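K.L.:
I'd like to ask you about the structure that follows.
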Amino acid sequence: MNKTIRRAAVFTLLLVLALLVRATWVQFYDGQALADDKDNRRNAISLYANPLGDIIVAGDAITGSAKTTGSDLKYKRTYKDGSLYAAVTGYSSQVYGATQLEGIYQDLLDGTDSQLKNPLDAITNKRADPGDVITTIDPEVQKAAYDALGDKKGAAVAIDPKTGKILAVVSTPSYDPTTISAGNDSVWKKLKNDPDKPLVNRALRQPLPPGSTFKLVVAAAALEDGLYSDVDEKTASPDPYTLPGTTRVLSNENPNAPCKNASIRVALQYSCNNVFAKMAVDLGQDKVKAMAEKFGFNDETQDVPVRAYASVYPSDMEKSSTAQTGIGQFDVTATPLQMAMVSAAIANDGKLVSPHMVSQTSDADGNVLKNYDDKTDTKEIVSSSTAEQLQSAMQTVVEEGTGTNAKISGATVGGKTGTAQHGENNSKTPYAWFTSYAKSDSNGKEVAVAVIVEQSDAARSEVSGNGLAAPVAKAMMQAALKN
């Protein structure tokens with residue numbers, strides 16, 4: 001073979017090898033990337049080729065699948081009482097993707113989860129029948145919260161303190177996921193551009209200043225640290241109280257309240273700002289922060305299983321700012337989930353059971369794949385003695401303090417109101433908070449709740465935790481304690 005032919009043969013062989021390498025690359029690397037591309041229409045076609053599995057509340061499916069017409073996507077997602085449960089389910093849309101439980105359990109609900117496949121399915125890559133997600137939500141508590149919030153902008157969460165089961169997650173204004181499941185662009189744009197942000201899950205994913213509800217955390221820190229021995233010991237709290245290093249005097253909502261040197265019980269009863277601002281300074285920001293973090297603040301991985309936004313207790317503050325954190329202001333923020341966790345831990349003798357809103361996942365035949373009720377963590381946040389004292393003080397708040405609208409006949413109720421400043425120099429309508437627990441006197445049932453009302457039709461002078469948020473909490477607690 002002459003040199004020219006040999007060189008041509010080697011060059012041709014190299015071209016063939018290059019083509020084989022490229023073909024292999026496209027098939028096994030680029031091909032997978034293209035298959036996984038969110039804009040690949042085949043993914044949506046495959047996802048909606050069959051009915052999806054369901055999200056279950058109290059034995060009933062609150063989701064469904066309906067056949068479409070005139071589309072290459074054979075089915076679309078439907079929702080029963082979609083607006084009521086939107087903060088639980090999220091949405092599954094042919095165009096806009098999936099969120100919350102729909103997104104977290106998408107593989108289970110569409111049948112591609114490896115847990116659903118038998119050995120033959122795994123070999124053939126056949127799609128299995130979809131599974132279901134069984135929630136912990138109590139439909140009566142959910143509806144009570146939704147109805148009580150009504151046209152107010154706000155959110156509410158209810159937790160069973162003994163088990164950590166989340167009984168209700170409500171965010172208002174809400175939306176019906178069915179209206180966007182097939183990709184209605186006009187509805188989607190309206191929801192996205194709505195200044196009230198109905199697509200935001202306020203219960204889990206919008207931390208706001210908790211106001212005086214945070215005083216429970218400061219009180220817990222003071223009792224655990226030994227700054228005060230019990231809730232009836234007099235505190236060293238001048239009234240008025242001047243913020244350290246400033247000339248600013250911190251006022252109380254009720255100027256006639258007996259807040260000077262008030263005990264923790266009286267200070268919670270009348271929501272005395274001077275007491276808890278001074279208490280936070282006396283403890284120091286590190287001790288208050290440590291207690292806040294025990295309750296769950298500053299946790300970037302709070303999954304229920306929807307990832308909740310972290311509630312925040314700040315660091316590196318001046319003493320004047322530390323004082324303001326003592327009343328739930330400055331840079332302190334919290335979600336309703338977080339404040340419900342505070343009340344749940346206090347109600348459960350100081351122990352916090354990890355909150356969760358999925359009880360089980362199952363396959364198409366109802367066989368349990370995972371039981372989340374058996375996998376909960378329990379942490380001691382405060383001693384049982386501290387918890388017992390805080391329960392007693394919270395009961396005083398409801399029986400003869402700022403939270404009387406939460407009283408329930410036949411139940412022991414403890415709570416804490418909060419009115420958090422909003423806007424520069426408190427120029428906007430304040431946020432109304434209420435967090436509480438209730439224990440039935442007859443059937444042993446318990447519940448902890450937190451409610452925030454961001455905005456309502458009430459006049460500014462009428463905005464208060466007792467006036468706006470406590471009635472919502474009461475309705476939820478009554479529903480949870482029913483036989």
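FYI, nothing fancy with the structure tokens labels: chains A, B, ... in order, residues from 1 per chain, ligands from 1 as they appear.
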Got a sec: who's within 9 Å of range 271-285 of chain A, counting only C-alpha atoms, leaving out chain neighbours fewer than 4 positions off, as a ChimeraX atom specification?

P.N.:
/A:212,215,218-219,221-222,225,227,235-244,250-254,257-264,266-267,289-290,314-317,319-320,322-327,397,401-402,416-418

K.L.:
Would you export the selected residues with N, CA and C atoms as a compact mmCIF listing (two decimals), in the first residue's frame, please?

P.N.:
```txt
# COMPACT_ATOMS: atom_id res chain seq x y z
N SER A 212 -45.60 41.11 69.50
CA SER A 212 -45.58 40.67 70.90
C SER A 212 -45.72 39.17 71.09
N LYS A 215 -42.69 37.61 72.55
CA LYS A 215 -42.41 37.74 73.99
C LYS A 215 -42.42 36.38 74.69
N VAL A 218 -38.84 35.19 74.58
CA VAL A 218 -38.01 35.93 75.53
C VAL A 218 -38.30 35.46 76.96
N ALA A 219 -39.57 35.26 77.27
CA ALA A 219 -39.94 34.76 78.60
C ALA A 219 -39.35 33.38 78.85
N ALA A 221 -36.62 32.19 77.54
CA ALA A 221 -35.19 32.36 77.76
C ALA A 221 -34.90 32.84 79.18
N ALA A 222 -35.71 33.77 79.67
CA ALA A 222 -35.49 34.31 81.02
C ALA A 222 -35.69 33.25 82.10
N ASP A 225 -32.84 30.54 81.77
CA ASP A 225 -31.55 31.08 82.19
C ASP A 225 -31.47 31.32 83.69
N LEU A 227 -32.81 34.06 85.00
CA LEU A 227 -32.91 35.50 85.23
C LEU A 227 -34.08 35.78 86.16
N THR A 235 -40.17 41.73 88.08
CA THR A 235 -39.01 42.00 87.25
C THR A 235 -38.46 43.39 87.54
N ALA A 236 -37.23 43.63 87.08
CA ALA A 236 -36.64 44.96 87.20
C ALA A 236 -36.89 45.70 85.89
N SER A 237 -38.06 46.33 85.78
CA SER A 237 -38.51 46.90 84.52
C SER A 237 -39.09 48.29 84.72
N PRO A 238 -38.28 49.31 84.55
CA PRO A 238 -38.81 50.68 84.69
C PRO A 238 -39.84 50.99 83.61
N ASP A 239 -40.79 51.80 83.97
CA ASP A 239 -41.81 52.25 83.02
C ASP A 239 -42.02 53.75 83.23
N PRO A 240 -41.63 54.58 82.27
CA PRO A 240 -41.21 54.21 80.91
C PRO A 240 -39.78 53.67 80.86
N TYR A 241 -39.47 52.96 79.76
CA TYR A 241 -38.16 52.37 79.56
C TYR A 241 -37.49 53.06 78.39
N THR A 242 -36.31 53.59 78.60
CA THR A 242 -35.56 54.26 77.54
C THR A 242 -34.59 53.25 76.91
N LEU A 243 -34.65 53.11 75.60
CA LEU A 243 -33.79 52.16 74.91
C LEU A 243 -32.33 52.52 75.16
N PRO A 244 -31.48 51.54 75.50
CA PRO A 244 -30.08 51.81 75.85
C PRO A 244 -29.35 52.59 74.75
N LEU A 250 -39.64 53.78 75.10
CA LEU A 250 -40.51 52.73 74.59
C LEU A 250 -41.84 52.76 75.33
N SER A 251 -42.90 52.94 74.61
CA SER A 251 -44.22 53.06 75.24
C SER A 251 -44.94 51.72 75.25
N ASN A 252 -45.98 51.65 76.08
CA ASN A 252 -46.86 50.50 76.11
C ASN A 252 -48.19 50.85 75.45
N GLU A 253 -48.82 49.83 74.88
CA GLU A 253 -50.09 50.06 74.19
C GLU A 253 -51.13 50.64 75.14
N ASN A 254 -51.15 50.10 76.35
CA ASN A 254 -52.07 50.58 77.38
C ASN A 254 -51.27 51.36 78.42
N ALA A 257 -51.71 50.32 82.08
CA ALA A 257 -51.44 48.95 82.52
C ALA A 257 -50.36 48.94 83.60
N PRO A 258 -50.44 48.00 84.54
CA PRO A 258 -49.46 47.93 85.64
C PRO A 258 -48.15 47.29 85.20
N CYS A 259 -47.42 47.97 84.31
CA CYS A 259 -46.24 47.37 83.68
C CYS A 259 -44.93 47.63 84.42
N LYS A 260 -44.90 48.60 85.32
CA LYS A 260 -43.65 48.88 86.02
C LYS A 260 -43.28 47.68 86.91
N ASN A 261 -42.09 47.13 86.67
CA ASN A 261 -41.58 45.98 87.43
C ASN A 261 -42.56 44.80 87.44
N ALA A 262 -43.35 44.70 86.39
CA ALA A 262 -44.38 43.65 86.33
C ALA A 262 -43.75 42.26 86.22
N SER A 263 -44.43 41.28 86.78
CA SER A 263 -43.99 39.89 86.63
C SER A 263 -44.21 39.45 85.18
N ILE A 264 -43.64 38.32 84.82
CA ILE A 264 -43.83 37.80 83.47
C ILE A 264 -45.30 37.54 83.19
N VAL A 266 -48.00 39.08 84.47
CA VAL A 266 -48.69 40.35 84.26
C VAL A 266 -48.22 41.00 82.96
N ALA A 267 -46.92 40.88 82.68
CA ALA A 267 -46.38 41.49 81.46
C ALA A 267 -46.95 40.83 80.21
N LYS A 289 -31.15 34.70 71.20
CA LYS A 289 -30.99 34.02 69.91
C LYS A 289 -30.94 32.50 70.10
N ALA A 290 -30.21 32.05 71.11
CA ALA A 290 -30.10 30.61 71.36
C ALA A 290 -31.46 29.99 71.63
N PRO A 314 -31.92 38.09 64.52
CA PRO A 314 -30.66 38.66 64.01
C PRO A 314 -29.50 38.56 64.98
N SER A 315 -28.31 38.95 64.48
CA SER A 315 -27.08 38.96 65.28
C SER A 315 -26.42 40.33 65.19
N ASP A 316 -25.36 40.50 66.00
CA ASP A 316 -24.50 41.68 65.92
C ASP A 316 -25.29 42.99 66.02
N MET A 317 -26.03 43.14 67.10
CA MET A 317 -26.89 44.32 67.28
C MET A 317 -26.38 45.21 68.39
N LYS A 319 -27.42 47.39 71.77
CA LYS A 319 -28.36 47.05 72.83
C LYS A 319 -29.76 47.60 72.57
N SER A 320 -29.83 48.75 71.93
CA SER A 320 -31.14 49.33 71.63
C SER A 320 -31.92 48.44 70.67
N THR A 322 -31.36 45.14 70.34
CA THR A 322 -31.68 43.93 71.11
C THR A 322 -32.97 44.14 71.90
N ALA A 323 -33.12 45.33 72.47
CA ALA A 323 -34.35 45.64 73.20
C ALA A 323 -35.57 45.53 72.30
N GLN A 324 -35.45 46.04 71.09
CA GLN A 324 -36.58 45.98 70.16
C GLN A 324 -36.91 44.54 69.75
N THR A 325 -35.87 43.69 69.67
CA THR A 325 -36.17 42.29 69.33
C THR A 325 -36.97 41.63 70.45
N GLY A 326 -36.82 42.14 71.68
CA GLY A 326 -37.57 41.57 72.80
C GLY A 326 -39.06 41.70 72.64
N ILE A 327 -39.51 42.61 71.79
CA ILE A 327 -40.95 42.77 71.54
C ILE A 327 -41.28 42.37 70.10
N VAL A 397 -53.58 35.32 79.95
CA VAL A 397 -53.78 36.22 78.81
C VAL A 397 -55.18 36.05 78.23
N GLY A 401 -56.78 38.81 80.08
CA GLY A 401 -55.80 39.71 79.49
C GLY A 401 -56.19 40.19 78.11
N THR A 402 -55.20 40.27 77.22
CA THR A 402 -55.42 40.83 75.88
C THR A 402 -55.99 39.82 74.89
N LYS A 416 -51.26 34.28 73.17
CA LYS A 416 -50.54 35.56 73.20
C LYS A 416 -50.88 36.36 71.95
N THR A 417 -51.27 37.60 72.18
CA THR A 417 -51.57 38.51 71.08
C THR A 417 -50.30 39.20 70.61
N GLY A 418 -50.39 39.77 69.42
CA GLY A 418 -49.28 40.56 68.90
C GLY A 418 -49.78 41.56 67.88
```

K.L.:
Run DSSP on the backbone of this structure and report the residues of range 309-462 of chain A it assigns to strand (DSSP E), as a PDB file with C-alpha atoms, in the first residue's frame.

P.N.:
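Everything below was put into out_4.pdb:
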```pdb
ATOM      1  CA  LYS A 351     -41.068  19.261  73.802  1.00  0.00           C
ATOM      2  CA  LEU A 352     -41.395  20.060  70.100  1.00  0.00           C
ATOM      3  CA  VAL A 353     -42.402  17.215  67.795  1.00  0.00           C
ATOM      4  CA  VAL A 358     -47.755  14.303  55.058  1.00  0.00           C
ATOM      5  CA  SER A 359     -48.669  11.209  57.022  1.00  0.00           C
ATOM      6  CA  GLN A 360     -47.917   8.505  54.424  1.00  0.00           C
ATOM      7  CA  THR A 361     -47.190   7.829  50.789  1.00  0.00           C
ATOM      8  CA  SER A 362     -48.688   4.753  49.168  1.00  0.00           C
ATOM      9  CA  VAL A 368     -47.617   2.145  52.460  1.00  0.00           C
ATOM     10  CA  LEU A 369     -44.301   3.230  50.955  1.00  0.00           C
ATOM     11  CA  LYS A 370     -43.271   5.642  53.713  1.00  0.00           C
ATOM     12  CA  ASN A 371     -44.876   6.382  57.053  1.00  0.00           C
ATOM     13  CA  THR A 378     -38.816  15.250  69.327  1.00  0.00           C
ATOM     14  CA  LYS A 379     -36.618  17.929  70.885  1.00  0.00           C
ATOM     15  CA  GLU A 380     -36.777  19.373  74.374  1.00  0.00           C
ATOM     16  CA  ALA A 411     -61.425  23.845  76.997  1.00  0.00           C
ATOM     17  CA  THR A 412     -58.293  25.226  78.586  1.00  0.00           C
ATOM     18  CA  VAL A 413     -56.864  27.890  76.303  1.00  0.00           C
ATOM     19  CA  GLY A 414     -53.610  29.807  76.504  1.00  0.00           C
ATOM     20  CA  GLY A 415     -52.506  32.448  74.042  1.00  0.00           C
ATOM     21  CA  LYS A 416     -50.536  35.557  73.197  1.00  0.00           C
ATOM     22  CA  THR A 417     -51.572  38.508  71.080  1.00  0.00           C
ATOM     23  CA  GLY A 418     -49.282  40.560  68.895  1.00  0.00           C
ATOM     24  CA  THR A 419     -49.530  43.779  66.907  1.00  0.00           C
ATOM     25  CA  ALA A 420     -46.417  44.295  64.794  1.00  0.00           C
ATOM     26  CA  GLN A 421     -45.416  47.608  63.296  1.00  0.00           C
ATOM     27  CA  HIS A 422     -45.468  47.779  59.511  1.00  0.00           C
ATOM     28  CA  LYS A 428     -48.802  51.212  57.279  1.00  0.00           C
ATOM     29  CA  THR A 429     -51.521  49.103  58.843  1.00  0.00           C
ATOM     30  CA  PRO A 430     -49.963  46.936  61.592  1.00  0.00           C
ATOM     31  CA  TYR A 431     -49.930  43.152  61.424  1.00  0.00           C
ATOM     32  CA  ALA A 432     -52.308  41.433  63.840  1.00  0.00           C
ATOM     33  CA  TRP A 433     -51.021  38.161  65.360  1.00  0.00           C
ATOM     34  CA  PHE A 434     -52.335  35.538  67.709  1.00  0.00           C
ATOM     35  CA  THR A 435     -50.683  32.281  68.771  1.00  0.00           C
ATOM     36  CA  SER A 436     -52.279  29.869  71.200  1.00  0.00           C
ATOM     37  CA  TYR A 437     -52.967  26.329  72.312  1.00  0.00           C
ATOM     38  CA  ALA A 438     -56.143  24.628  73.499  1.00  0.00           C
ATOM     39  CA  LYS A 439     -56.776  21.423  75.401  1.00  0.00           C
ATOM     40  CA  SER A 440     -60.204  19.839  75.612  1.00  0.00           C
ATOM     41  CA  GLU A 446     -54.981  19.344  71.868  1.00  0.00           C
ATOM     42  CA  VAL A 447     -54.066  21.881  69.216  1.00  0.00           C
ATOM     43  CA  ALA A 448     -51.643  24.768  68.766  1.00  0.00           C
ATOM     44  CA  VAL A 449     -52.287  27.528  66.256  1.00  0.00           C
ATOM     45  CA  ALA A 450     -50.884  30.756  64.905  1.00  0.00           C
ATOM     46  CA  VAL A 451     -52.726  33.361  62.875  1.00  0.00           C
ATOM     47  CA  ILE A 452     -51.599  36.538  61.157  1.00  0.00           C
ATOM     48  CA  VAL A 453     -53.894  39.104  59.580  1.00  0.00           C
ATOM     49  CA  GLU A 454     -51.829  41.335  57.339  1.00  0.00           C
ATOM     50  CA  GLN A 455     -54.670  43.475  56.105  1.00  0.00           C
TER      51      GLN A 455
END
```

K.L.:
Have a look at CA of Lys80 in chain A and CA of Thr178 in chain A and let me know their distance in Å, one decimal.

P.N.:
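Between CA of Lys80 in chain A and CA of Thr178 in chain A the gap is 8.6 Å.
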
K.L.:
I need the residues of range 402-454 of chain A that end up classed as helix (DSSP H, G or I) by DSSP on the backbone, written out as a tab-separated table (two decimals) with C-alpha atoms, in the first residue's frame.

P.N.:
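Result written to selection.tsv:
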```tsv
chain	number	residue	atom	x	y	z
A	404	THR	CA	-60.15	37.11	75.70
A	405	ASN	CA	-61.65	36.57	72.23
A	406	ALA	CA	-60.03	33.12	72.18
A	424	GLU	CA	-41.40	53.19	58.06
A	425	ASN	CA	-42.35	54.80	61.38
A	426	ASN	CA	-45.30	52.38	61.53
```

K.L.:
Could you name the residues that touch range 202-206 of chain A at 6 Å or less, counting only C-alpha atoms, but leaving out those on the same chain fewer than 5 positions away, as a VMD selection string?

P.N.:
chain A and resid 155 to 156 171 308 to 309 335 to 337

K.L.:
In terms of the shortest atom-to-atom distance over only C-alpha atoms, which of A:Val312, A:Ala86, A:Leu108, A:Ala347 is closest to Asp331 in chain A?

P.N.:
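Among the listed residues, the smallest separation from Asp331 in chain A belongs to A:Val312.
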
K.L.:
Measure the distance from CA of Pro173 in chain A to CA of Gln94 in chain A in Å and round it to one decimal.

P.N.:
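These two atoms are separated by 23.4 Å.
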
K.L.:
By how many Å are CA of Ile134 in chain A and CA of Tyr96 in chain A apart?

P.N.:
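According to the coordinates, CA of Ile134 in chain A and CA of Tyr96 in chain A are separated by 24.1 Å.
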
K.L.:
Using only C-alpha atoms, which of the listed residues (A:Pro139, A:Gly410, A:Gly211, A:Gly154) sits closest to Val472 in chain A?

P.N.:
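The shortest atom-to-atom distance to Val472 in chain A comes from A:Gly154.
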
K.L.:
Which residues are close to Val231 in chain A, i.e. within 9 Å by only C-alpha atoms, leaving aside same-chain residues fewer than 2 positions away? Reply as a PDB file with N, CA and C atoms, in the first residue's frame.

P.N.:
```
ATOM      1  N   ALA A 219     -39.569  35.257  77.269  1.00  0.00           N
ATOM      2  CA  ALA A 219     -39.944  34.761  78.602  1.00  0.00           C
ATOM      3  C   ALA A 219     -39.349  33.381  78.850  1.00  0.00           C
ATOM      4  N   LEU A 223     -36.692  32.408  81.933  1.00  0.00           N
ATOM      5  CA  LEU A 223     -36.967  31.357  82.916  1.00  0.00           C
ATOM      6  C   LEU A 223     -35.914  30.257  82.858  1.00  0.00           C
ATOM      7  N   TYR A 228     -35.169  35.037  85.973  1.00  0.00           N
ATOM      8  CA  TYR A 228     -36.307  35.073  86.890  1.00  0.00           C
ATOM      9  C   TYR A 228     -36.709  33.644  87.201  1.00  0.00           C
ATOM     10  N   SER A 229     -37.081  33.408  88.452  1.00  0.00           N
ATOM     11  CA  SER A 229     -37.304  32.035  88.909  1.00  0.00           C
ATOM     12  C   SER A 229     -38.671  31.505  88.531  1.00  0.00           C
ATOM     13  N   GLU A 233     -42.597  36.263  89.726  1.00  0.00           N
ATOM     14  CA  GLU A 233     -41.567  37.084  90.355  1.00  0.00           C
ATOM     15  C   GLU A 233     -41.551  38.469  89.709  1.00  0.00           C
ATOM     16  N   LYS A 234     -41.430  39.492  90.516  1.00  0.00           N
ATOM     17  CA  LYS A 234     -41.345  40.850  89.992  1.00  0.00           C
ATOM     18  C   LYS A 234     -40.067  41.015  89.168  1.00  0.00           C
ATOM     19  N   SER A 263     -44.428  41.283  86.779  1.00  0.00           N
ATOM     20  CA  SER A 263     -43.991  39.890  86.628  1.00  0.00           C
ATOM     21  C   SER A 263     -44.211  39.454  85.179  1.00  0.00           C
ATOM     22  N   ILE A 264     -43.640  38.317  84.822  1.00  0.00           N
ATOM     23  CA  ILE A 264     -43.827  37.796  83.467  1.00  0.00           C
ATOM     24  C   ILE A 264     -45.301  37.541  83.192  1.00  0.00           C
ATOM     25  N   ARG A 265     -46.030  37.024  84.176  1.00  0.00           N
ATOM     26  CA  ARG A 265     -47.452  36.767  83.975  1.00  0.00           C
ATOM     27  C   ARG A 265     -48.208  38.065  83.658  1.00  0.00           C
ATOM     28  N   VAL A 266     -47.996  39.076  84.471  1.00  0.00           N
ATOM     29  CA  VAL A 266     -48.686  40.353  84.260  1.00  0.00           C
ATOM     30  C   VAL A 266     -48.216  41.005  82.957  1.00  0.00           C
ATOM     31  N   THR A 386     -40.656  25.062  83.107  1.00  0.00           N
ATOM     32  CA  THR A 386     -40.801  26.320  82.372  1.00  0.00           C
ATOM     33  C   THR A 386     -42.048  26.289  81.507  1.00  0.00           C
ATOM     34  N   GLN A 389     -45.187  26.803  83.572  1.00  0.00           N
ATOM     35  CA  GLN A 389     -45.371  28.193  83.991  1.00  0.00           C
ATOM     36  C   GLN A 389     -45.842  29.076  82.832  1.00  0.00           C
ATOM     37  N   LEU A 390     -45.275  28.853  81.646  1.00  0.00           N
ATOM     38  CA  LEU A 390     -45.695  29.636  80.483  1.00  0.00           C
ATOM     39  C   LEU A 390     -47.135  29.310  80.083  1.00  0.00           C
ATOM     40  N   SER A 392     -49.477  28.490  82.158  1.00  0.00           N
ATOM     41  CA  SER A 392     -50.299  29.190  83.138  1.00  0.00           C
ATOM     42  C   SER A 392     -50.412  30.675  82.793  1.00  0.00           C
ATOM     43  N   ALA A 393     -49.285  31.294  82.422  1.00  0.00           N
ATOM     44  CA  ALA A 393     -49.303  32.717  82.079  1.00  0.00           C
ATOM     45  C   ALA A 393     -50.107  32.976  80.800  1.00  0.00           C
TER      46      ALA A 393
END
```

K.L.:
Smallest atom-to-atom distance to Glu388 in chain A: which of A:Lys153, A:Lys287, A:Met339, A:Ile346, using only C-alpha atoms?

P.N.:
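The answer is A:Ile346, which sits nearest to Glu388 in chain A.
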
K.L.:
If you count only C-alpha atoms, which residues fall within 10 Å of Ser385 in chain A, apart from same-chain ones fewer than 5 positions away, as a list in words?

P.N.:
Leu223, Glu224, Asp230, Asp349, Gly350, Leu390 and Gln391 of chain A

K.L.:
Using C-alpha atoms, can you export the residues from the last selection as a short mmCIF file (atom, residue, chain, number, x, y, z; two decimals), in the first residue's frame?

P.N.:
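File produced: result_39.cif:
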```
data_model
loop_
_atom_site.label_atom_id
_atom_site.label_comp_id
_atom_site.auth_asym_id
_atom_site.auth_seq_id
_atom_site.Cartn_x
_atom_site.Cartn_y
_atom_site.Cartn_z
CA LEU A 223 -36.97 31.36 82.92
CA GLU A 224 -34.52 28.81 81.50
CA ASP A 230 -40.97 31.95 88.01
CA ASP A 349 -44.53 20.27 78.24
CA GLY A 350 -41.55 21.88 76.53
CA LEU A 390 -45.70 29.64 80.48
CA GLN A 391 -48.92 27.66 79.96
#
```

K.L.:
Find the residues near Ser65 in chain A: any atom within 6 Å, counting only C-alpha atoms, skip ones fewer than 5 places away on the same chain, and give them as a PyMOL selection string.

P.N.:
chain A and resi 51+76-78

K.L.:
Output the selection as an mmCIF file, in the first residue's frame - N, CA and C atoms for each residue.

P.N.:
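That gives us again.cif:
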```
data_model
loop_
_atom_site.group_PDB
_atom_site.id
_atom_site.type_symbol
_atom_site.label_atom_id
_atom_site.label_comp_id
_atom_site.auth_asym_id
_atom_site.auth_seq_id
_atom_site.Cartn_x
_atom_site.Cartn_y
_atom_site.Cartn_z
ATOM 1 N N PRO A 51 -53.795 9.505 33.992
ATOM 2 C CA PRO A 51 -54.221 10.190 35.221
ATOM 3 C C PRO A 51 -53.116 10.157 36.274
ATOM 4 N N LYS A 76 -55.437 16.636 32.277
ATOM 5 C CA LYS A 76 -55.041 17.807 33.036
ATOM 6 C C LYS A 76 -55.410 17.584 34.500
ATOM 7 N N ARG A 77 -54.723 18.285 35.401
ATOM 8 C CA ARG A 77 -54.961 18.158 36.829
ATOM 9 C C ARG A 77 -56.212 18.928 37.221
ATOM 10 N N THR A 78 -56.998 18.348 38.099
ATOM 11 C CA THR A 78 -58.174 19.034 38.645
ATOM 12 C C THR A 78 -58.095 19.020 40.169
#
```

K.L.:
Counting only C-alpha atoms, which of A:Val249, A:Asp110, A:Val306, A:Tyr175 gets nearest to Trp188 in chain A?

P.N.:
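Distance minimum relative to Trp188 in chain A lands on A:Tyr175.
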
K.L.:
Out of A:Pro207, A:Gly226, A:Gly296, A:Gly64, which residue has the shortest atom-to-atom distance to Ala345 in chain A when counting only C-alpha atoms?

P.N.:
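With only C-alpha atoms as the atom set, the closest residue is A:Gly296.
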
K.L.:
Please determine, counting only C-alpha atoms, which residue among A:Thr179, A:Ser354, A:Gln329, A:Thr301 has the shortest atom-to-atom distance to Tyr313 in chain A.

P.N.:
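The shortest atom-to-atom distance to Tyr313 in chain A comes from A:Gln329.
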